[in-house]
$ cat coords35.pdb   # PDB, C-alpha atoms
MODEL        1
ATOM      1  CA  MET A   1     -22.590 -38.102  -4.345
ATOM      2  CA  THR A   2     -20.850 -35.030  -5.714
ATOM      3  CA  ASN A   3     -17.492 -33.991  -4.403
ATOM      4  CA  PRO A   4     -17.360 -30.754  -2.398
ATOM      5  CA  GLU A   5     -15.670 -27.861  -4.097
ATOM      6  CA  LEU A   6     -11.908 -27.786  -3.695
ATOM      7  CA  PRO A   7     -10.521 -24.646  -2.027
ATOM      8  CA  GLU A   8      -8.691 -23.468  -5.118
ATOM      9  CA  ASP A   9     -11.868 -23.972  -7.177
ATOM     10  CA  LYS A  10     -13.771 -21.412  -5.133
ATOM     11  CA  ALA A  11     -11.027 -18.817  -5.484
ATOM     12  CA  LEU A  12     -10.654 -19.355  -9.215
ATOM     13  CA  VAL A  13     -14.433 -19.249  -9.670
ATOM     14  CA  GLU A  14     -14.455 -15.809  -8.027
ATOM     15  CA  ILE A  15     -11.793 -14.590 -10.449
ATOM     16  CA  GLN A  16     -13.591 -16.098 -13.434
ATOM     17  CA  ALA A  17     -16.864 -14.518 -12.329
ATOM     18  CA  ALA A  18     -15.189 -11.110 -12.159
ATOM     19  CA  LEU A  19     -13.814 -11.605 -15.655
ATOM     20  CA  ALA A  20     -17.229 -12.675 -16.927
ATOM     21  CA  LYS A  21     -18.728  -9.396 -15.712
ATOM     22  CA  THR A  22     -16.492  -7.327 -17.957
ATOM     23  CA  SER A  23     -18.520  -5.427 -20.513
ATOM     24  CA  VAL A  24     -17.138  -6.804 -23.778
ATOM     25  CA  SER A  25     -14.980  -9.739 -24.818
ATOM     26  CA  THR A  26     -12.092  -7.510 -25.909
ATOM     27  CA  LYS A  27     -11.982  -5.937 -22.456
ATOM     28  CA  ARG A  28     -12.047  -9.408 -20.938
ATOM     29  CA  LYS A  29      -8.910 -10.367 -22.832
ATOM     30  CA  VAL A  30      -7.229  -7.192 -21.600
ATOM     31  CA  VAL A  31      -7.889  -7.857 -17.915
ATOM     32  CA  GLU A  32      -7.004 -11.537 -18.290
ATOM     33  CA  LYS A  33      -3.431 -10.427 -18.959
ATOM     34  CA  PHE A  34      -3.513  -8.516 -15.706
ATOM     35  CA  VAL A  35      -4.814 -11.549 -13.772
ATOM     36  CA  LEU A  36      -2.190 -13.869 -15.273
ATOM     37  CA  ALA A  37       0.595 -11.398 -14.444
ATOM     38  CA  ALA A  38      -0.604 -11.125 -10.828
ATOM     39  CA  LEU A  39      -1.004 -14.890 -10.319
ATOM     40  CA  GLY A  40       2.317 -15.645 -11.986
ATOM     41  CA  SER A  41       4.179 -13.265  -9.663
ATOM     42  CA  ILE A  42       3.331 -15.190  -6.460
ATOM     43  CA  PRO A  43       5.510 -18.312  -6.127
ATOM     44  CA  TRP A  44       3.158 -20.517  -4.080
ATOM     45  CA  VAL A  45       0.065 -20.164  -6.314
ATOM     46  CA  GLY A  46       1.122 -22.775  -8.867
ATOM     47  CA  GLY A  47       2.242 -25.211  -6.181
ATOM     48  CA  PHE A  48      -1.001 -24.723  -4.285
ATOM     49  CA  ILE A  49      -3.194 -25.531  -7.282
ATOM     50  CA  SER A  50      -1.107 -28.583  -8.195
ATOM     51  CA  ALA A  51      -1.007 -29.920  -4.630
ATOM     52  CA  ALA A  52      -4.730 -29.395  -4.098
ATOM     53  CA  ALA A  53      -5.565 -31.221  -7.303
ATOM     54  CA  SER A  54      -3.372 -34.193  -6.310
ATOM     55  CA  ILE A  55      -5.118 -34.885  -3.002
ATOM     56  CA  LYS A  56      -8.422 -36.722  -3.060
ATOM     57  CA  VAL A  57     -11.293 -35.237  -1.106
ATOM     58  CA  ASP A  58     -11.763 -38.333   1.089
ATOM     59  CA  GLN A  59      -8.039 -38.301   1.932
ATOM     60  CA  ARG A  60      -8.257 -34.652   2.938
ATOM     61  CA  ASN A  61     -11.192 -35.415   5.225
ATOM     62  CA  SER A  62      -9.461 -38.371   6.905
ATOM     63  CA  GLU A  63      -5.953 -36.948   7.248
ATOM     64  CA  LYS A  64      -6.496 -33.728   9.155
ATOM     65  CA  ASP A  65      -3.069 -34.000  10.785
ATOM     66  CA  ASN A  66      -1.286 -34.403   7.475
ATOM     67  CA  LEU A  67       1.237 -31.575   7.029
ATOM     68  CA  GLN A  68       0.389 -31.160   3.352
ATOM     69  CA  THR A  69      -3.304 -30.892   4.188
ATOM     70  CA  LYS A  70      -2.619 -28.211   6.795
ATOM     71  CA  TRP A  71      -0.443 -26.322   4.302
ATOM     72  CA  LEU A  72      -3.282 -26.429   1.789
ATOM     73  CA  GLU A  73      -5.827 -25.225   4.336
ATOM     74  CA  GLU A  74      -3.633 -22.281   5.307
ATOM     75  CA  HIS A  75      -2.949 -21.293   1.720
ATOM     76  CA  ALA A  76      -6.616 -21.733   0.791
ATOM     77  CA  LYS A  77      -7.317 -18.695   2.981
ATOM     78  CA  LYS A  78      -4.591 -16.712   1.238
ATOM     79  CA  MET A  79      -5.890 -17.831  -2.151
ATOM     80  CA  GLY A  80      -9.345 -16.597  -1.196
ATOM     81  CA  ASN A  81      -7.960 -13.196  -0.161
ATOM     82  CA  LEU A  82      -6.021 -13.007  -3.414
ATOM     83  CA  ALA A  83      -9.150 -13.815  -5.407
ATOM     84  CA  VAL A  84     -11.064 -11.020  -3.671
ATOM     85  CA  ALA A  85      -8.263  -8.521  -4.360
ATOM     86  CA  LEU A  86      -8.032  -9.510  -8.024
ATOM     87  CA  ALA A  87     -11.796  -9.390  -8.474
ATOM     88  CA  ASP A  88     -11.864  -5.897  -6.966
ATOM     89  CA  VAL A  89      -9.135  -4.590  -9.286
ATOM     90  CA  VAL A  90     -10.692  -6.314 -12.307
ATOM     91  CA  GLY A  91     -13.993  -4.583 -11.589
ATOM     92  CA  ARG A  92     -12.245  -1.216 -11.446
ATOM     93  CA  LEU A  93     -10.257  -1.862 -14.623
ATOM     94  CA  ASP A  94     -13.515  -2.625 -16.415
ATOM     95  CA  THR A  95     -14.794   0.884 -15.656
ATOM     96  CA  LEU A  96     -11.853   2.487 -17.447
ATOM     97  CA  GLY A  97     -12.282   3.635 -21.003
ATOM     98  CA  ASP A  98     -10.980   1.741 -24.004
ATOM     99  CA  THR A  99      -8.136   4.245 -24.273
ATOM    100  CA  ASN A 100      -6.568   2.537 -21.238
ATOM    101  CA  ASP A 101      -6.554  -0.934 -22.806
ATOM    102  CA  GLU A 102      -3.166  -0.413 -24.396
ATOM    103  CA  ARG A 103      -1.760   0.697 -21.050
ATOM    104  CA  ILE A 104      -3.148  -2.360 -19.200
ATOM    105  CA  GLN A 105      -1.671  -4.754 -21.775
ATOM    106  CA  SER A 106       1.718  -3.050 -21.894
ATOM    107  CA  GLU A 107       4.729  -4.846 -20.478
ATOM    108  CA  GLU A 108       5.578  -1.710 -18.476
ATOM    109  CA  TYR A 109       2.277  -1.889 -16.594
ATOM    110  CA  LEU A 110       2.316  -5.685 -16.221
ATOM    111  CA  SER A 111       5.817  -5.403 -14.741
ATOM    112  CA  LEU A 112       4.391  -3.068 -12.099
ATOM    113  CA  VAL A 113       1.573  -5.547 -11.454
ATOM    114  CA  ARG A 114       4.039  -8.383 -10.835
ATOM    115  CA  SER A 115       6.133  -6.304  -8.464
ATOM    116  CA  ALA A 116       3.070  -4.994  -6.632
ATOM    117  CA  PHE A 117       1.535  -8.428  -6.049
ATOM    118  CA  ARG A 118       4.819  -9.824  -4.775
ATOM    119  CA  THR A 119       4.589  -7.056  -2.184
ATOM    120  CA  TRP A 120       0.887  -7.893  -1.648
ATOM    121  CA  ASP A 121       1.879 -11.479  -0.812
ATOM    122  CA  ARG A 122       4.361 -10.265   1.845
ATOM    123  CA  ALA A 123       1.965  -7.718   3.365
ATOM    124  CA  GLU A 124       0.968  -8.478   6.945
ATOM    125  CA  THR A 125      -2.133  -6.270   7.227
ATOM    126  CA  GLU A 126      -5.351  -5.964   5.278
ATOM    127  CA  ASP A 127      -4.871  -2.190   5.039
ATOM    128  CA  LYS A 128      -1.522  -2.585   3.284
ATOM    129  CA  ARG A 129      -2.998  -5.124   0.853
ATOM    130  CA  LYS A 130      -5.766  -2.648   0.089
ATOM    131  CA  TYR A 131      -3.226   0.113  -0.569
ATOM    132  CA  ILE A 132      -1.438  -2.165  -3.039
ATOM    133  CA  ALA A 133      -4.677  -2.972  -4.870
ATOM    134  CA  ASN A 134      -5.464   0.759  -5.048
ATOM    135  CA  LEU A 135      -2.013   1.474  -6.443
ATOM    136  CA  VAL A 136      -2.364  -1.162  -9.169
ATOM    137  CA  ALA A 137      -5.820   0.025 -10.216
ATOM    138  CA  ASN A 138      -4.951   3.711 -10.133
ATOM    139  CA  ALA A 139      -1.688   3.210 -12.020
ATOM    140  CA  ALA A 140      -3.736   1.772 -14.891
ATOM    141  CA  GLY A 141      -6.124   4.707 -15.101
ATOM    142  CA  THR A 142      -4.033   7.752 -14.212
ATOM    143  CA  ARG A 143      -0.594   8.827 -15.383
ATOM    144  CA  LEU A 144      -0.068  11.271 -12.550
ATOM    145  CA  CYS A 145       3.572  10.246 -12.279
ATOM    146  CA  PRO A 146       5.940   8.014 -14.296
ATOM    147  CA  ASP A 147       6.289   4.276 -13.755
ATOM    148  CA  ASP A 148       9.666   4.722 -12.062
ATOM    149  CA  VAL A 149       7.883   6.659  -9.322
ATOM    150  CA  ILE A 150       5.227   3.921  -9.057
ATOM    151  CA  ARG A 151       8.072   1.462  -8.431
ATOM    152  CA  LEU A 152       9.308   3.755  -5.673
ATOM    153  CA  PHE A 153       5.806   3.680  -4.151
ATOM    154  CA  ILE A 154       5.866  -0.132  -4.228
ATOM    155  CA  ASP A 155       9.197   0.024  -2.369
ATOM    156  CA  TRP A 156       7.595   2.309   0.211
ATOM    157  CA  LEU A 157       4.763  -0.188   0.685
ATOM    158  CA  ASN A 158       7.418  -2.824   1.314
ATOM    159  CA  GLN A 159       9.466  -0.632   3.622
ATOM    160  CA  TYR A 160       6.947   1.171   5.817
ATOM    161  CA  HIS A 161       4.560  -0.226   8.401
ATOM    162  CA  GLU A 162       0.995   0.684   9.291
ATOM    163  CA  ILE A 163       2.185   3.092  11.985
ATOM    164  CA  HIS A 164       4.083   5.035   9.295
ATOM    165  CA  PHE A 165       0.941   5.141   7.142
ATOM    166  CA  ALA A 166      -1.080   6.431  10.104
ATOM    167  CA  VAL A 167       1.247   9.446  10.372
ATOM    168  CA  MET A 168       1.018  10.028   6.595
ATOM    169  CA  ARG A 169      -2.785   9.941   6.691
ATOM    170  CA  GLU A 170      -2.945  12.387   9.562
ATOM    171  CA  ILE A 171      -0.640  14.907   7.855
ATOM    172  CA  TYR A 172      -2.629  14.474   4.625
ATOM    173  CA  ARG A 173      -5.878  15.230   6.476
ATOM    174  CA  ASN A 174      -4.358  18.103   8.476
ATOM    175  CA  PRO A 175      -1.516  19.766   6.520
ATOM    176  CA  GLY A 176       0.669  21.859   8.811
ATOM    177  CA  ALA A 177       0.074  19.718  11.896
ATOM    178  CA  THR A 178       2.866  19.707  14.464
ATOM    179  CA  ARG A 179       4.339  16.574  15.993
ATOM    180  CA  PHE A 180       2.285  17.238  19.132
ATOM    181  CA  GLU A 181      -0.947  17.555  17.124
ATOM    182  CA  ILE A 182      -0.229  14.418  15.095
ATOM    183  CA  TRP A 183       0.436  12.358  18.232
ATOM    184  CA  GLU A 184      -2.575  13.784  20.065
ATOM    185  CA  GLU A 185      -4.896  12.929  17.185
ATOM    186  CA  LEU A 186      -3.549   9.389  16.844
ATOM    187  CA  TYR A 187      -2.856   8.375  20.439
ATOM    188  CA  GLY A 188      -4.134  11.022  22.855
ATOM    189  CA  ALA A 189      -2.026  12.674  25.552
ATOM    190  CA  PRO A 190       1.776  12.609  25.036
ATOM    191  CA  THR A 191       3.818  10.162  27.049
ATOM    192  CA  ARG A 192       7.144  10.610  28.865
ATOM    193  CA  GLU A 193      10.040  11.854  26.733
ATOM    194  CA  ASN A 194      12.241   8.909  27.742
ATOM    195  CA  SER A 195       9.575   6.268  27.044
ATOM    196  CA  ALA A 196       9.697   3.610  24.333
ATOM    197  CA  GLU A 197       6.631   5.220  22.754
ATOM    198  CA  ALA A 198       8.423   8.568  22.419
ATOM    199  CA  ASP A 199      11.495   6.842  20.959
ATOM    200  CA  LEU A 200       9.293   5.063  18.419
ATOM    201  CA  TYR A 201       7.581   8.324  17.474
ATOM    202  CA  ARG A 202      10.934  10.033  16.876
ATOM    203  CA  LEU A 203      11.897   7.076  14.682
ATOM    204  CA  LEU A 204       8.676   7.339  12.642
ATOM    205  CA  ILE A 205       9.171  11.059  11.989
ATOM    206  CA  ARG A 206      12.832  10.507  11.129
ATOM    207  CA  ASP A 207      12.040   7.601   8.765
ATOM    208  CA  LEU A 208       9.426   9.598   6.875
ATOM    209  CA  SER A 209      11.525  12.781   6.791
ATOM    210  CA  THR A 210      14.720  11.154   5.523
ATOM    211  CA  GLY A 211      12.657   8.990   3.150
ATOM    212  CA  GLY A 212      11.280  12.068   1.384
ATOM    213  CA  VAL A 213       7.659  11.493   2.433
ATOM    214  CA  ILE A 214       7.152  14.390   4.858
ATOM    215  CA  ARG A 215       8.986  17.644   5.621
ATOM    216  CA  GLN A 216       8.642  20.739   7.752
ATOM    217  CA  GLU A 217       6.516  23.402   6.122
ATOM    218  CA  ARG A 218       8.581  26.170   4.475
ATOM    219  CA  ASP A 219       7.833  29.293   2.482
ATOM    220  CA  THR A 220       8.656  29.258  -1.223
ATOM    221  CA  THR A 221       9.182  31.750  -4.015
ATOM    222  CA  SER A 222       6.715  32.077  -6.880
ATOM    223  CA  ASP A 223       8.715  29.508  -8.877
ATOM    224  CA  GLY A 224       8.736  26.971  -6.013
ATOM    225  CA  ARG A 225      12.199  27.509  -4.549
ATOM    226  CA  PHE A 226      12.433  27.174  -0.787
ATOM    227  CA  LEU A 227      13.280  30.321   1.162
ATOM    228  CA  ARG A 228      15.992  30.188   3.789
ATOM    229  CA  LYS A 229      14.769  30.321   7.339
ATOM    230  CA  LYS A 230      15.876  33.385   9.232
ATOM    231  CA  PRO A 231      18.377  32.359  11.937
ATOM    232  CA  VAL A 232      17.294  32.898  15.514
ATOM    233  CA  ARG A 233      20.248  34.194  17.508
ATOM    234  CA  ASN A 234      20.891  33.758  21.222
ATOM    235  CA  ARG A 235      17.903  31.478  21.593
ATOM    236  CA  LYS A 236      18.146  29.341  24.696
ATOM    237  CA  VAL A 237      16.269  26.103  25.210
ATOM    238  CA  SER A 238      13.892  26.459  28.129
ATOM    239  CA  GLY A 239      15.035  24.568  31.185
ATOM    240  CA  GLY A 240      18.139  23.212  29.485
ATOM    241  CA  THR A 241      16.263  20.273  27.893
ATOM    242  CA  VAL A 242      16.481  19.023  24.307
ATOM    243  CA  GLU A 243      13.662  19.411  21.809
ATOM    244  CA  SER A 244      10.622  17.355  22.677
ATOM    245  CA  ALA A 245       9.475  14.403  20.551
ATOM    246  CA  PHE A 246       6.074  16.134  20.735
ATOM    247  CA  GLU A 247       7.300  19.588  19.672
ATOM    248  CA  ASP A 248       4.377  21.942  18.989
ATOM    249  CA  SER A 249       5.694  24.850  16.905
ATOM    250  CA  LYS A 250       7.002  23.318  13.650
ATOM    251  CA  PRO A 251       4.303  22.373  11.136
ATOM    252  CA  TYR A 252       4.720  19.289   8.934
ATOM    253  CA  VAL A 253       3.383  18.654   5.424
ATOM    254  CA  LEU A 254       3.669  15.864   2.881
ATOM    255  CA  THR A 255       6.250  16.320   0.170
ATOM    256  CA  GLU A 256       4.920  16.309  -3.388
ATOM    257  CA  LEU A 257       6.009  12.674  -3.672
ATOM    258  CA  GLY A 258       4.241  11.954  -0.399
ATOM    259  CA  ARG A 259       1.028  13.547  -1.676
ATOM    260  CA  GLN A 260       1.164  11.492  -4.861
ATOM    261  CA  PHE A 261       1.757   8.334  -2.829
ATOM    262  CA  VAL A 262      -1.319   9.013  -0.697
ATOM    263  CA  HIS A 263      -3.416   9.751  -3.788
ATOM    264  CA  TYR A 264      -2.370   6.513  -5.470
ATOM    265  CA  THR A 265      -2.665   4.210  -2.463
ATOM    266  CA  MET A 266      -5.147   5.643   0.043
ATOM    267  CA  ASN A 267      -7.846   7.080  -2.233
ATOM    268  CA  GLU A 268     -10.188   4.769  -4.123
ATOM    269  CA  VAL A 269     -10.311   7.162  -7.077
ATOM    270  CA  VAL A 270      -7.266   9.254  -7.931
ATOM    271  CA  GLN A 271      -7.933  12.865  -8.886
ATOM    272  CA  ARG A 272      -5.228  14.791 -10.673
ATOM    273  CA  ILE A 273      -3.269  16.993  -8.280
ATOM    274  CA  SER A 274      -3.270  20.589  -9.431
TER     275      SER A 274
ENDMDL
END

$ encode --input "coords35.pdb" --output "structure tokens"
Amino acid sequence: MTNPELPEDKALVEIQAALAKTSVSTKRKVVEKFVLAALGSIPWVGGFISAAASIKVDQRNSEKDNLQTKWLEEHAKKMGNLAVALADVVGRLDTLGDTNDERIQSEEYLSLVRSAFRTWDRAETEDKRKYIANLVANAAGTRLCPDDVIRLFIDWLNQYHEIHFAVMREIYRNPGATRFEIWEELYGAPTRENSAEADLYRLLIRDLSTGGVIRQERDTTSDGRFLRKKPVRNRKVSGGTVESAFEDSKPYVLTELGRQFVHYTMNEVVQRIS
């Protein structure tokens, strides 16, 4: 009777199969460096493989309440997700031309890979893990911005939550949208100004504005310098109330850094921004 496949075996087989699909052996060696950098950046991977190999299959079947067995079962799922992510990136790296091989093998790029997959391991949503995989693949094939900026993008993926990314996506799809229009598109009719939802929305806009991701739309000169807004004198707020969280007259756009972030993380294929 043959032993059933161990959980780590299945994940590693998926990675090996992705490597085997690479077009030529030289390319295979290039992407192997990427895979090793990604696996080596996640602390539990080595412990998982060692622990799984040390437990006999019949013991695992008979000791379902064993804490180590439960730990292995939980991490087997994570190992499977990691294998899928790596296989996806490997497939995309294989489509790049040979001119990118030097970039993929460089310590500068592999350092980004390690940092990105540490963030991948901490990510709580599938969308964020997908953004990280996109960033890693696109950083190998496009030098739209320097590696220091890519590190900033990895920090943003660590720092921001899916609700932040939802606002970014909406402004990217509809440049010049007001806070009212963004909220309406994402959540429908506005809520009360003193509600928790309104407080959260103010926080999201403030986080992204102070973080350099979004800004209010402003006119510029031909060389890109922002023009001062003309002051409005003797303007009184209607009804004596403060500005609404769902204000509908000030358009918002992504900053240039914000646009590059969206291109690197939320588009499968990065196209150079003109």

$ resolve_selection --input "coords35.pdb" --expression "the PyMOL selection byres ((chain A and resi 94-111) around 7)" --output "VMD selection string"
chain A and resid 22 30 33 to 34 37 90 to 93 112 to 115 140 to 141

$ resolve_selection --input "coords35.pdb" --expression "the PyMOL selection byres ((chain A and resi 146-152) around 9)" --output "number ranges by chain"
A: 108-109, 112, 115-116, 135, 139, 143-145, 153-157, 257, 261, 264

$ atom_distance --input "coords35.pdb" --atom1 "atom CA of A:Tyr160" --atom2 "atom CA of A:Val89"
22.8 Å

$ atom_distance --input "coords35.pdb" --atom1 "atom CA of A:Trp183" --atom2 "atom CA of A:Trp120"
28.4 Å

$ closest_residue --input "coords35.pdb" --among "A:Gln216, A:Thr178, A:Asn138, A:Asn158" --to "A:Gln260" --atoms "only C-alpha atoms"
A:Asn138

$ closest_residue --input "coords35.pdb" --among "A:Ala196, A:Ala123, A:Ala245, A:Val35" --to "A:Ile182" --atoms "all atoms listed in the file"
A:Ala245

$ atom_distance --input "coords35.pdb" --atom1 "atom CA of A:Leu39" --atom2 "atom CA of A:Gly80"
12.5 Å

$ resolve_selection --input "coords35.pdb" --expression "the PyMOL selection byres ((chain A and resi 181) around 12)" --output "PDB file with C-alpha atoms, keeping the file's coordinate frame"
ATOM      1  CA  VAL A 167       1.247   9.446  10.372  1.00  0.00           C
ATOM      2  CA  GLU A 170      -2.945  12.387   9.562  1.00  0.00           C
ATOM      3  CA  ILE A 171      -0.640  14.907   7.855  1.00  0.00           C
ATOM      4  CA  ARG A 173      -5.878  15.230   6.476  1.00  0.00           C
ATOM      5  CA  ASN A 174      -4.358  18.103   8.476  1.00  0.00           C
ATOM      6  CA  PRO A 175      -1.516  19.766   6.520  1.00  0.00           C
ATOM      7  CA  GLY A 176       0.669  21.859   8.811  1.00  0.00           C
ATOM      8  CA  ALA A 177       0.074  19.718  11.896  1.00  0.00           C
ATOM      9  CA  THR A 178       2.866  19.707  14.464  1.00  0.00           C
ATOM     10  CA  ARG A 179       4.339  16.574  15.993  1.00  0.00           C
ATOM     11  CA  PHE A 180       2.285  17.238  19.132  1.00  0.00           C
ATOM     12  CA  ILE A 182      -0.229  14.418  15.095  1.00  0.00           C
ATOM     13  CA  TRP A 183       0.436  12.358  18.232  1.00  0.00           C
ATOM     14  CA  GLU A 184      -2.575  13.784  20.065  1.00  0.00           C
ATOM     15  CA  GLU A 185      -4.896  12.929  17.185  1.00  0.00           C
ATOM     16  CA  LEU A 186      -3.549   9.389  16.844  1.00  0.00           C
ATOM     17  CA  TYR A 187      -2.856   8.375  20.439  1.00  0.00           C
ATOM     18  CA  GLY A 188      -4.134  11.022  22.855  1.00  0.00           C
ATOM     19  CA  ALA A 189      -2.026  12.674  25.552  1.00  0.00           C
ATOM     20  CA  PRO A 190       1.776  12.609  25.036  1.00  0.00           C
ATOM     21  CA  ALA A 245       9.475  14.403  20.551  1.00  0.00           C
ATOM     22  CA  PHE A 246       6.074  16.134  20.735  1.00  0.00           C
ATOM     23  CA  GLU A 247       7.300  19.588  19.672  1.00  0.00           C
ATOM     24  CA  ASP A 248       4.377  21.942  18.989  1.00  0.00           C
ATOM     25  CA  SER A 249       5.694  24.850  16.905  1.00  0.00           C
ATOM     26  CA  LYS A 250       7.002  23.318  13.650  1.00  0.00           C
ATOM     27  CA  PRO A 251       4.303  22.373  11.136  1.00  0.00           C
ATOM     28  CA  TYR A 252       4.720  19.289   8.934  1.00  0.00           C
TER      29      TYR A 252
END

$ closest_residue --input "coords35.pdb" --among "A:Arg206, A:Lys128, A:His263, A:Lys78" --to "A:Phe165" --atoms "all atoms listed in the file"
A:Lys128

$ residues_near_point --input "coords35.pdb" --point "(-7.2, 6.3, -3.0)" --cutoff "12 Å" --atoms "all atoms listed in the file" --output "list in words"
Asp127, Lys130, Tyr131, Ile132, Ala133, Asn134, Leu135, Val136, Ala137, Asn138, Ala139, Thr142, Arg169, Arg259, Gln260, Phe261, Val262, His263, Tyr264, Thr265, Met266, Asn267, Glu268, Val269, Val270, Gln271 and Arg272 of chain A

$ residues_around --input "coords35.pdb" --residues "A:Glu193" --least-positions-apart "4" --cutoff "12 Å" --atoms "only C-alpha atoms" --output "PyMOL selection string"
chain A and resi 197-202+241-247
